[in-house]
Every structure is written in C-alpha cells, then in structure tokens.
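**Q** My questions all concern the structure below.
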Amino acid sequence: MIPSPAQEAVMRDRPANPARRPSWRKACRDEGFRVVAVRPGHLRRLSRNTGEVWIPKAGWVRFRWSRAVPAGVRSYRVTMDRAGRWHVAFAVIPPPVPAPGNGQAVGIDRGVAVAAALSTGELLRVPSLTGRKRARMRRLERRLARAQRGSQRRRRVRLALARLKARETDRRRDWVEKASTDIARRFDLIRVEDLQISNMTRSAKGTRENPGRNVRQKAGLNRGILRSGWGLLMRRLQDKAPGRVEKINPAFTSQRCSACGQVDPKSRESQAVFWCTACGYACHADVNAARNIAAGHAVTARGGCRSAGPVNREPQLLTSLTGRQ
Ligand SMILES: [Zn+2]
C-alpha cells in the first residue's frame with residue numbers, strides 16, 4: 001500500500017512504530033488479502049503477458065504479467081482499489097540502485113509550479129489531468145455530494161470519480177518511479193530540503209478566536225504539495241539510494257544567491273524568478289534554491305525577525321533552525 005499523507009506523517013514522526021490506532025474497517029478502502037507460504041508450483045506463466053496464480057479457496061486466477069517476478073517469492077497480496085481494479089503484487093525487496101561513482105551531487109528543490117527543480121537546471125513536472133478532466137472531476141464531486149447515501153446512483157458516481165482519480169494517481173506514481181530511478185542512477189549524492197511536510201500542509205484555517213491568515217493561498221499551496229507527490233518522491237529516493245540521500249536544512253535556500261552567497265529576501269523577484277540584489281545573477285528561483293541545496297549550504301540565521309518576503313515559503317523559519325540532520 002502506498003501510504004496516505006496522514007500515514008506518511010505518522011511514519012516520519014515515529015519511524016520505529018508507524019502503526020496508528022486501530023479503526024473501523026471501511027468498505028472500498030484497502031480491500032484485499034495476503035497469501036503467505038506460496039509454493040513454487042502455485043505461480044505459472046502462460047504467455048508473454050499473462051500468468052496464473054493459485055489462490056486458496058478460489059483456484060487458478062489469471063493476471064496480466066506486467067513485470068518480472070523474481071524466483072522464490074514467498075507471499076503475495078491481492079487488492080482491489082477504489083476504481084474497482086484488482087491487482088496482485090508479489091513481495092520482494094529489490095536491490096538498491098547502484099551509485100554511478102562519478103562523485104556528483106545533486107540538489108532537489110520542491111516547487112509548486114513545477115514538482116521539483118534539480119541543481120542541474122532541469123525542471124521536473126508531474127503529469128496531471130487536463131483542464132477538461134479536472135472540470136469533470138469537480139462536476140462529479142458535486143454530484144456525489146448531492147447523492148443520497150447508500151443509493152445506486154451514489155455508487156455509480158463514486159466509481160466514475162474513483163476511475164478519474166486513479167488515472168491521475170497512476171500517472172503520478174509512474175512519474176515518481178521513473179524520476180527517482182533516474183536521479184539515483186545519475187548522481188552519487190542526493191541532497192534534498194528537510195521539509196516538515198505535515199507542518200506545511202496543515203490547514204491554515206485556525207480557530208474562531210485565532211483565525212488563520214492567507215487561508216485561501218495556503219489551501220492552494222497544500223493541494224500543490226500533496227498533488228506533486230513530493231513525499232512519495234523522497235521516500236522512493238531513499239528506498240532506491242539508501243545512504244545517498246542527505247537532508248539539508250532548507251532555511252534561506254530560496255533567498256540565498258547560489259552565485260555569490262548573498263542572502264536577501266528582495267532577491268526573490270517572484271515565485272518563479274530569482275534576481276540577486278548584490279551581483280545581478282538571475283535564475284529560475286527553484287533552480288537557484290536547488291543549487292544552494294546541492295552545495296549543502298545551511299545558512300544560519302543572523303538574528304532578528306524577517307519582516308519582508310513571501311509568506312508561503314519557509315514557514316516556521318525561526319523554529320526550524322535546528323541544524324542539519
Ligand atoms: Zn549574487
């Protein structure tokens with residue numbers, strides 16, 4: 001299972017004990033079962049892209065052989081996702097991607113407009129749904145909200161919505177796998193900003209006594225972060241390149257000039273453009289930040305509160321300066 005953002009937050013906070021409180025089972029969510037102690041004869045290939053697996057109480061079940069199954073698998077999991085698709089997954093821990101040995105380090109910055117910027121200047125975009133598909137999704141969501149609970153119509157609408165969403169998440173996961181393998185193959189050392197995603201994506205609403213500021217903007221940013229699959233990309237990078245991913249304190253990486261080192265919030269011309277007030281170096285803002293991250297510069301704060309500057313970047317600036325991890 002790919003964890004939800006909430007589960008991801010728990011896994012990060014308590015990596016030794018990622019379990020949460022038990023809760024009620026819910027229909028359509030996490031449907032499936034696991035089969036252990038698989039005998040070698042219970043899995044066979046029928047053709048180039050079909051296979052058969054023996055499922056207790058059900059018998060031989062055909063599936064599409066979409067990728068190599070290593071010899072000696074001992075367990076598999078059969079799941080049905082919300083879009084009604086059945087999957088079979090054979091459990092195996094793949095070997096990590098070998099380091100290229102070229103001594104190169106890369107910095108990756110999380111963007112909102114683009115999913116990630118590399119210090120090499122590459123901008124990685126997550127494929128997402130087209131405007132028409134997104135409009136259809138909103139329409140279906142409205143229809144779902146009006147449908148009576150437990151009705152046939154509600155079930156139909158929910159399935160249509162789940163199919164649409166599945167298309168988007170499939171694309172995003174595919175992208176994450178390709179991007180993480182590519183990065184793990186090309187660079188020896190991968191430096192990323194140590195973002196507290198749960199803090200960043202926490203609702204900005206606040207309470208009635210203490211209403212939050214910039215609630216709309218923050219909500220938009222939250223959607224961007226969650227949709228861009230940043231957390232998943234980080235996790236897959238760590239899986240594929242264990243010991244080669246370094247987390248850098250992200251403080252000031254977006255305000256520091258990667259050419260001369262000057263730190264000035266005014267250098268950040270806009271969301272997309274960095275223009276150094278000292279040396280005139282101009283660059284894509286996310287690429288500039290990625291270069292700072294690649295260099296591993298964790299600039300320490302020199303006292304005082306920051307008054308100017310974008311509100312949405314680097315929240316908790318003064319409390320997050322706990323040094324590199
Ligand atoms: Zn400069």
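Here, A, B, ... name the chains of the structure tokens in the order displayed, residue numbers run from 1 inside each chain, and ligands are numbered from 1 in the same displayed order.
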Excluding region 30-38 of chain A and any residue of its chain fewer than 4 positions from it, enumerate the residues within 12 Å of it, using only C-alpha atoms, and give them as a PyMOL selection string.
**A** chain A and resi 1-4+24-26+42-44+53-57+71-91
**Q** Just to be explicit: take each residue in the selection above, keep C-alpha atoms, and write the result as a JSON list (two decimals), in the first residue's frame.
**A**
[["chain", "number", "residue", "atom", "x", "y", "z"],
["A", 1, "MET", "CA", 0.00, 0.00, 0.00],
["A", 2, "ILE", "CA", 1.19, 3.47, -0.72],
["A", 3, "PRO", "CA", 0.60, 5.46, 2.46],
["A", 4, "SER", "CA", -1.66, 8.47, 2.55],
["A", 24, "TRP", "CA", -13.08, 0.53, 11.81],
["A", 25, "ARG", "CA", -12.81, -1.16, 8.51],
["A", 26, "LYS", "CA", -14.42, 0.75, 5.69],
["A", 42, "HIS", "CA", 1.39, -22.13, -7.47],
["A", 43, "LEU", "CA", 2.60, -19.48, -9.85],
["A", 44, "ARG", "CA", 2.97, -20.10, -13.55],
["A", 53, "VAL", "CA", -1.61, -17.85, -9.58],
["A", 54, "TRP", "CA", -3.24, -20.39, -7.31],
["A", 55, "ILE", "CA", -5.41, -18.62, -4.77],
["A", 56, "PRO", "CA", -6.67, -20.71, -1.85],
["A", 57, "LYS", "CA", -10.45, -21.22, -1.91],
["A", 71, "ALA", "CA", 12.26, -16.52, -8.30],
["A", 72, "GLY", "CA", 11.44, -17.63, -4.81],
["A", 73, "VAL", "CA", 8.61, -15.29, -3.89],
["A", 74, "ARG", "CA", 7.02, -16.42, -0.65],
["A", 75, "SER", "CA", 3.97, -14.19, -0.41],
["A", 76, "TYR", "CA", 1.68, -12.09, -2.50],
["A", 77, "ARG", "CA", -1.10, -9.62, -1.93],
["A", 78, "VAL", "CA", -4.34, -9.34, -3.85],
["A", 79, "THR", "CA", -6.01, -5.96, -3.65],
["A", 80, "MET", "CA", -8.90, -4.13, -5.18],
["A", 81, "ASP", "CA", -8.60, -0.38, -5.45],
["A", 82, "ARG", "CA", -11.36, 2.19, -5.33],
["A", 83, "ALA", "CA", -11.63, 2.21, -9.10],
["A", 84, "GLY", "CA", -12.61, -1.46, -8.95],
["A", 85, "ARG", "CA", -9.36, -2.80, -10.36],
["A", 86, "TRP", "CA", -7.83, -5.98, -9.00],
["A", 87, "HIS", "CA", -4.09, -6.20, -8.53],
["A", 88, "VAL", "CA", -1.71, -8.94, -7.49],
["A", 89, "ALA", "CA", 1.65, -7.97, -6.01],
["A", 90, "PHE", "CA", 4.43, -10.45, -5.22],
["A", 91, "ALA", "CA", 6.51, -9.37, -2.25]]
**Q** Could I get the residues of chain A with an atom no further than 6 Å from an atom of ligand 1, each paired with its nearest atom pair and that distance in Å to one decimal, using only C-alpha atoms and all ligand atoms, sorted by chain and residue number, as CSV?
**A**
residue,atom,partner,partner_atom_place_in_ligand_line,distance
A:Cys257,CA,ligand 1,1 (Zn),4.6
A:Ala259,CA,ligand 1,1 (Zn),5.1
A:Cys260,CA,ligand 1,1 (Zn),4.1
A:Gly261,CA,ligand 1,1 (Zn),6.0
A:Gln262,CA,ligand 1,1 (Zn),5.5
A:Cys276,CA,ligand 1,1 (Zn),4.6
A:Ala278,CA,ligand 1,1 (Zn),5.1
A:Cys279,CA,ligand 1,1 (Zn),4.1
A:Gly280,CA,ligand 1,1 (Zn),5.9
A:Tyr281,CA,ligand 1,1 (Zn),5.3
**Q** Go ahead and write the selection's residues with N, CA and C atoms as a CSV table (one decimal), in the first residue's frame.
**A**
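Heads up, here's the output in out00.csv:
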chain,number,residue,atom,x,y,z
A,257,CYS,N,21.7,33.7,-2.8
A,257,CYS,CA,22.2,33.7,-4.2
A,257,CYS,C,23.2,32.5,-4.3
A,259,ALA,N,25.2,32.1,-6.6
A,259,ALA,CA,26.5,32.5,-7.3
A,259,ALA,C,27.4,33.2,-6.3
A,260,CYS,N,26.8,34.2,-5.5
A,260,CYS,CA,27.7,34.9,-4.6
A,260,CYS,C,27.5,34.7,-3.1
A,261,GLY,N,26.4,34.1,-2.8
A,261,GLY,CA,26.1,33.8,-1.4
A,261,GLY,C,25.4,34.8,-0.6
A,262,GLN,N,25.0,35.9,-1.3
A,262,GLN,CA,24.2,37.0,-0.6
A,262,GLN,C,22.8,36.5,-0.2
A,276,CYS,N,19.5,38.3,-8.0
A,276,CYS,CA,20.4,38.7,-6.9
A,276,CYS,C,20.5,40.2,-6.8
A,278,ALA,N,22.7,41.7,-5.1
A,278,ALA,CA,24.2,42.1,-5.0
A,278,ALA,C,24.9,41.9,-6.3
A,279,CYS,N,24.8,40.8,-6.9
A,279,CYS,CA,25.7,40.5,-8.1
A,279,CYS,C,24.9,40.5,-9.4
A,280,GLY,N,23.6,40.6,-9.3
A,280,GLY,CA,22.8,40.6,-10.5
A,280,GLY,C,22.6,39.2,-11.2
A,281,TYR,N,23.0,38.2,-10.5
A,281,TYR,CA,22.8,36.8,-11.0
A,281,TYR,C,21.2,36.6,-11.1
**Q** Please list as a list in words every residue within 10 Å of Pro242 (chain A), counting only C-alpha atoms and excluding residues in the same chain fewer than 5 positions away.
**A**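 Counting only the stated atoms, we get Pro96, Val97, Pro98, Ala99, Ala184, Arg236 and Leu237 of chain A.
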**Q** Please identify all polymer residues within 12 Å of Ser47 (chain A), counting only C-alpha atoms, omitting same-chain residues fewer than 3 positions from it, and present them as a list of chain:residue names.
**A**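 Using only C-alpha atoms, the neighbours found are A:Arg44, A:Thr50, A:Gly51, A:Glu52, A:Arg62, A:Phe63, A:Arg64, A:Trp65, A:Ser66.
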**Q** Any idea what's packed within 8 Å of Leu164 (chain A), counting only C-alpha atoms, ignoring anything in its chain fewer than 4 positions away? Could you give it as a ChimeraX atom specification?
**A** /A:133,137,160,168
**Q** Those same residues - N, CA and C atoms - I'd like them written as a short mmCIF file (atom, residue, chain, number, x, y, z; two decimals), in the first residue's frame.
**A**
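What landed in selection27.cif:
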data_model
loop_
_atom_site.label_atom_id
_atom_site.label_comp_id
_atom_site.auth_asym_id
_atom_site.auth_seq_id
_atom_site.Cartn_x
_atom_site.Cartn_y
_atom_site.Cartn_z
N LYS A 133 -10.71 17.23 -17.88
CA LYS A 133 -10.86 16.12 -16.94
C LYS A 133 -11.07 16.66 -15.54
N MET A 137 -14.14 16.16 -13.01
CA MET A 137 -13.97 15.68 -11.65
C MET A 137 -14.75 16.55 -10.67
N ALA A 160 -17.18 6.34 -10.95
CA ALA A 160 -16.70 7.19 -12.04
C ALA A 160 -15.63 8.15 -11.54
N GLU A 168 -5.14 9.82 -12.48
CA GLU A 168 -4.19 10.84 -12.03
C GLU A 168 -3.12 10.24 -11.11
#
**Q** Could you give me the residues within region 16-48 of chain A that DSSP places in strand (DSSP E or B), as a list of chain:residue names?
**A**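 Secondary structure check on region 16-48 of chain A, strand (DSSP E or B): A:Glu31, A:Gly32, A:Phe33, A:Arg34, A:Val35, A:Leu43, A:Arg44, A:Arg45.
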**Q** Residues at most 6 Å from region 118-132 of chain A, counting only C-alpha atoms, excluding those fewer than 4 positions away in the same chain, as a ChimeraX atom specification?
**A** /A:106-108,114,168,287,290-291
**Q** Compare A:Asn102, A:Asn288, A:Asn249, A:Gln271 by their minimum atom-to-atom distance to Asp194 (chain A), counting only C-alpha atoms, and give me the closest one.
**A** A:Asn249
**Q** Using Å and a single decimal, report how far CA of Ala116 (chain A) sits from CA of Asp188 (chain A).
**A** 18.4 Å
**Q** Could you give me, as an MDAnalysis selection string, the residues within 12 Å of region 148-158 of chain A, counting only C-alpha atoms and dropping anything in the same chain fewer than 2 positions from it?
**A** chainID A and resid 27:28 82:84 136:146 160:166
**Q** Would you mind writing down, as number ranges by chain, each residue of region 47-295 of chain A that DSSP on the backbone assigns to alpha helix (DSSP H)?
**A** A: 131-146, 152-186, 197-201, 215-228, 230-240, 285-295
**Q** Mind writing the picked residues with C-alpha atoms as an mmCIF file, in the first residue's frame?
**A**
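To be explicit, this is the file written out as result.cif:
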data_model
loop_
_atom_site.group_PDB
_atom_site.id
_atom_site.type_symbol
_atom_site.label_atom_id
_atom_site.label_comp_id
_atom_site.auth_asym_id
_atom_site.auth_seq_id
_atom_site.Cartn_x
_atom_site.Cartn_y
_atom_site.Cartn_z
ATOM 1 C CA GLY A 131 -8.485 21.030 -17.628
ATOM 2 C CA ARG A 132 -11.472 19.187 -19.068
ATOM 3 C CA LYS A 133 -10.861 16.123 -16.942
ATOM 4 C CA ARG A 134 -10.462 18.309 -13.892
ATOM 5 C CA ALA A 135 -13.732 20.070 -14.644
ATOM 6 C CA ARG A 136 -15.432 16.705 -14.994
ATOM 7 C CA MET A 137 -13.968 15.680 -11.652
ATOM 8 C CA ARG A 138 -15.389 18.760 -9.947
ATOM 9 C CA ARG A 139 -18.762 18.102 -11.524
ATOM 10 C CA LEU A 140 -18.726 14.507 -10.314
ATOM 11 C CA GLU A 141 -17.718 15.631 -6.837
ATOM 12 C CA ARG A 142 -20.701 17.965 -6.683
ATOM 13 C CA ARG A 143 -22.989 15.219 -7.912
ATOM 14 C CA LEU A 144 -21.587 12.836 -5.309
ATOM 15 C CA ALA A 145 -22.266 15.356 -2.560
ATOM 16 C CA ARG A 146 -25.917 15.503 -3.580
ATOM 17 C CA GLN A 152 -27.186 3.101 -6.537
ATOM 18 C CA ARG A 153 -26.594 6.478 -8.040
ATOM 19 C CA ARG A 154 -24.077 7.348 -5.379
ATOM 20 C CA ARG A 155 -22.217 4.122 -6.056
ATOM 21 C CA ARG A 156 -22.136 4.851 -9.787
ATOM 22 C CA VAL A 157 -20.869 8.394 -9.315
ATOM 23 C CA ARG A 158 -18.281 7.281 -6.811
ATOM 24 C CA LEU A 159 -16.910 4.682 -9.207
ATOM 25 C CA ALA A 160 -16.699 7.193 -12.043
ATOM 26 C CA LEU A 161 -14.889 9.609 -9.759
ATOM 27 C CA ALA A 162 -12.542 6.906 -8.496
ATOM 28 C CA ARG A 163 -11.653 5.948 -12.072
ATOM 29 C CA LEU A 164 -10.786 9.528 -12.875
ATOM 30 C CA LYS A 165 -8.715 9.928 -9.730
ATOM 31 C CA ALA A 166 -6.974 6.602 -10.344
ATOM 32 C CA ARG A 167 -5.803 7.865 -13.699
ATOM 33 C CA GLU A 168 -4.189 10.840 -12.035
ATOM 34 C CA THR A 169 -2.544 8.892 -9.205
ATOM 35 C CA ASP A 170 -1.331 6.208 -11.638
ATOM 36 C CA ARG A 171 0.422 8.854 -13.668
ATOM 37 C CA ARG A 172 1.910 10.473 -10.620
ATOM 38 C CA ARG A 173 3.227 7.205 -9.208
ATOM 39 C CA ASP A 174 4.673 6.224 -12.557
ATOM 40 C CA TRP A 175 6.374 9.587 -12.742
ATOM 41 C CA VAL A 176 7.775 9.251 -9.210
ATOM 42 C CA GLU A 177 9.237 5.819 -10.010
ATOM 43 C CA LYS A 178 10.872 6.998 -13.205
ATOM 44 C CA ALA A 179 12.194 10.236 -11.724
ATOM 45 C CA SER A 180 13.612 8.577 -8.603
ATOM 46 C CA THR A 181 15.341 5.806 -10.563
ATOM 47 C CA ASP A 182 16.789 8.343 -12.970
ATOM 48 C CA ILE A 183 18.149 10.531 -10.168
ATOM 49 C CA ALA A 184 19.518 7.565 -8.204
ATOM 50 C CA ARG A 185 21.354 6.336 -11.332
ATOM 51 C CA ARG A 186 22.885 9.643 -12.287
ATOM 52 C CA ILE A 197 5.540 18.415 5.028
ATOM 53 C CA SER A 198 2.940 17.827 7.692
ATOM 54 C CA ASN A 199 3.577 21.304 9.068
ATOM 55 C CA MET A 200 3.454 22.831 5.644
ATOM 56 C CA THR A 201 0.303 21.109 4.611
ATOM 57 C CA VAL A 215 -6.190 30.646 4.259
ATOM 58 C CA ARG A 216 -7.054 30.501 0.557
ATOM 59 C CA GLN A 217 -3.463 30.766 -0.613
ATOM 60 C CA LYS A 218 -2.349 28.176 1.887
ATOM 61 C CA ALA A 219 -5.100 25.811 0.772
ATOM 62 C CA GLY A 220 -3.872 26.179 -2.810
ATOM 63 C CA LEU A 221 -0.296 25.502 -1.761
ATOM 64 C CA ASN A 222 -1.387 22.449 0.190
ATOM 65 C CA ARG A 223 -3.082 20.998 -2.845
ATOM 66 C CA GLY A 224 0.026 21.696 -4.887
ATOM 67 C CA ILE A 225 2.352 19.962 -2.432
ATOM 68 C CA LEU A 226 0.173 16.939 -1.962
ATOM 69 C CA ARG A 227 -0.588 16.594 -5.632
ATOM 70 C CA SER A 228 3.015 16.953 -6.666
ATOM 71 C CA TRP A 230 6.851 15.224 -3.074
ATOM 72 C CA GLY A 231 6.662 12.967 -0.053
ATOM 73 C CA LEU A 232 6.442 9.889 -2.240
ATOM 74 C CA LEU A 233 9.385 11.017 -4.354
ATOM 75 C CA MET A 234 11.505 11.479 -1.226
ATOM 76 C CA ARG A 235 10.580 8.069 0.086
ATOM 77 C CA ARG A 236 11.316 6.308 -3.179
ATOM 78 C CA LEU A 237 14.657 8.104 -3.460
ATOM 79 C CA GLN A 238 15.583 6.854 -0.005
ATOM 80 C CA ASP A 239 14.481 3.342 -0.944
ATOM 81 C CA LYS A 240 16.449 3.301 -4.159
ATOM 82 C CA ALA A 285 14.011 30.631 -8.428
ATOM 83 C CA ASP A 286 13.593 26.915 -7.803
ATOM 84 C CA VAL A 287 16.824 26.076 -9.639
ATOM 85 C CA ASN A 288 18.678 28.673 -7.569
ATOM 86 C CA ALA A 289 17.326 27.040 -4.414
ATOM 87 C CA ALA A 290 18.259 23.593 -5.727
ATOM 88 C CA ARG A 291 21.846 24.798 -6.270
ATOM 89 C CA ASN A 292 22.008 26.008 -2.670
ATOM 90 C CA ILE A 293 20.709 22.645 -1.544
ATOM 91 C CA ALA A 294 23.260 20.830 -3.729
ATOM 92 C CA ALA A 295 26.049 22.844 -2.144
#
**Q** Using only C-alpha atoms, which of A:Ser254, A:Arg21, A:Gly296, A:Asp264 sits nearest Cys283 (chain A)?
**A**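 The answer is A:Ser254, which sits nearest to Cys283 (chain A).
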